[in-house]
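Written out below as structure tokens is the structure these notes cover.
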Amino acid sequence: MALNLKPIAGSSNRVIVEPAAAEEKTASGLYIPDTAKEKPSKGTVVSVSDEDAEGKKASVKVGDVVIYGKYGGTEFPYEGKDYLIMRETDIYAVVG
């Protein structure tokens with residue numbers, strides 16, 4: 001599951017997240033059209049920077065499922081998949 005990309009930290013640790021798939025249907029069973037789907041705010045960490053400029057290591061690790069801001073991070077495609085790169089501070093919680 002580890003990605004062959006390593007983010008560079010800078011002033012804050014950076015994390016690469018693979019977003020979860022958008023919901024396909026509602027709880028009552030209605031299918032949601034592509035134009036009405038919400039951006040996912042949950043995903044799996046696939047790569048983490050080693051440490052930030054102050055020498056602090058990231059508190060999340062590869063494989064963690066995280067919740068982040070709906071508009072957090074920068075989207076980029078890599079080898080046919082879409083990923084987000086964001087500051088660790090953009091992550092609100094680790095699930096489970």
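Ligands are numbered from 1 in the order shown, residues from 1 within each chain, and chains are lettered A, B, ... in the order they appear in the structure tokens.
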
Using the chain letters and numbers from this document, which residues of chain A does DSSP assign to strand (DSSP E), as number ranges by chain?
A: 14-19, 42-48, 65-68, 74-78, 81-87, 91-95

Write out the residues from the selection above, keeping C-alpha atoms, as a CSV table (one decimal), in the first residue's frame.
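Written file, result15.csv:
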chain,number,residue,atom,x,y,z
A,14,ARG,CA,3.2,16.5,4.7
A,15,VAL,CA,1.0,13.5,4.1
A,16,ILE,CA,-0.3,11.9,0.9
A,17,VAL,CA,-3.8,10.5,1.2
A,18,GLU,CA,-5.8,8.3,-1.1
A,19,PRO,CA,-9.4,9.6,-0.8
A,42,LYS,CA,-12.0,10.5,4.6
A,43,GLY,CA,-9.1,8.6,3.1
A,44,THR,CA,-6.1,6.3,3.8
A,45,VAL,CA,-2.6,7.6,4.4
A,46,VAL,CA,-0.2,6.2,1.7
A,47,SER,CA,3.0,8.2,2.4
A,48,VAL,CA,4.3,10.5,5.1
A,65,VAL,CA,-7.7,6.0,7.9
A,66,VAL,CA,-8.0,9.8,8.5
A,67,ILE,CA,-10.7,12.5,8.3
A,68,TYR,CA,-9.7,15.8,6.8
A,74,THR,CA,-4.0,19.5,-3.3
A,75,GLU,CA,-5.3,16.9,-5.7
A,76,PHE,CA,-2.8,15.2,-8.1
A,77,PRO,CA,-3.0,12.1,-10.3
A,78,TYR,CA,-0.2,9.5,-10.1
A,81,LYS,CA,-5.1,7.2,-9.3
A,82,ASP,CA,-6.0,10.4,-7.7
A,83,TYR,CA,-4.3,11.5,-4.4
A,84,LEU,CA,-4.2,14.4,-2.1
A,85,ILE,CA,-1.1,16.0,-0.6
A,86,MET,CA,-1.7,18.0,2.6
A,87,ARG,CA,-0.2,19.3,5.8
A,91,ILE,CA,-6.1,16.1,9.3
A,92,TYR,CA,-8.8,16.3,12.0
A,93,ALA,CA,-8.8,12.7,13.2
A,94,VAL,CA,-7.6,9.2,12.8
A,95,VAL,CA,-10.4,6.6,12.5

Selected residue, from A:Glu88, A:Val60, A:Asp34, A:Gly69, that lies nearest to A:Ser12 when counting only C-alpha atoms: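 Ranked by minimum distance to A:Ser12, first place goes to A:Glu88.
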
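Using only C-alpha atoms, the contacts of A:Ala22 at a cut-off of 10 Å, with sequence neighbours closer than 3 positions omitted, comprise A:Pro19, A:Lys25, A:Ile32, A:Asp34, A:Lys37, A:Glu38, A:Lys39, A:Pro40, A:Ser41, A:Lys42.
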
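Backbone DSSP of chain A yields helix (DSSP H, G or I) at Asp34, Thr35, Ala36, Glu88, Thr89 and Asp90 of chain A.
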
Could those selected residues go to a file with N, CA and C atoms, as a short mmCIF file (atom, residue, chain, number, x, y, z; two decimals), in the first residue's frame?
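So selection.cif came out as:
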data_model
loop_
_atom_site.label_atom_id
_atom_site.label_comp_id
_atom_site.auth_asym_id
_atom_site.auth_seq_id
_atom_site.Cartn_x
_atom_site.Cartn_y
_atom_site.Cartn_z
N ASP A 34 -23.41 11.69 -10.48
CA ASP A 34 -22.04 12.21 -10.34
C ASP A 34 -22.00 13.69 -10.02
N THR A 35 -22.92 14.46 -10.58
CA THR A 35 -22.92 15.91 -10.37
C THR A 35 -23.31 16.31 -8.96
N ALA A 36 -23.94 15.42 -8.21
CA ALA A 36 -24.41 15.75 -6.85
C ALA A 36 -23.57 15.10 -5.76
N GLU A 88 -0.02 17.84 7.66
CA GLU A 88 -0.56 16.97 8.71
C GLU A 88 -1.59 17.73 9.54
N THR A 89 -1.43 19.03 9.68
CA THR A 89 -2.37 19.83 10.48
C THR A 89 -3.74 19.94 9.82
N ASP A 90 -3.87 19.58 8.53
CA ASP A 90 -5.17 19.57 7.85
C ASP A 90 -5.99 18.32 8.21
#

Coordinates-based distance that separates atom CA of A:Ser49 from atom CA of A:Pro7 (Å, one decimal):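 These two atoms are separated by 5.0 Å.
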
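Interatomic distance, atom CA of A:Glu24 to atom CA of A:Gly80: 20.7 Å.
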
Using only C-alpha atoms, the residue out of A:Val62, A:Ala27, A:Ala53, A:Ala20 with shortest distance to A:Lys6 is A:Val62
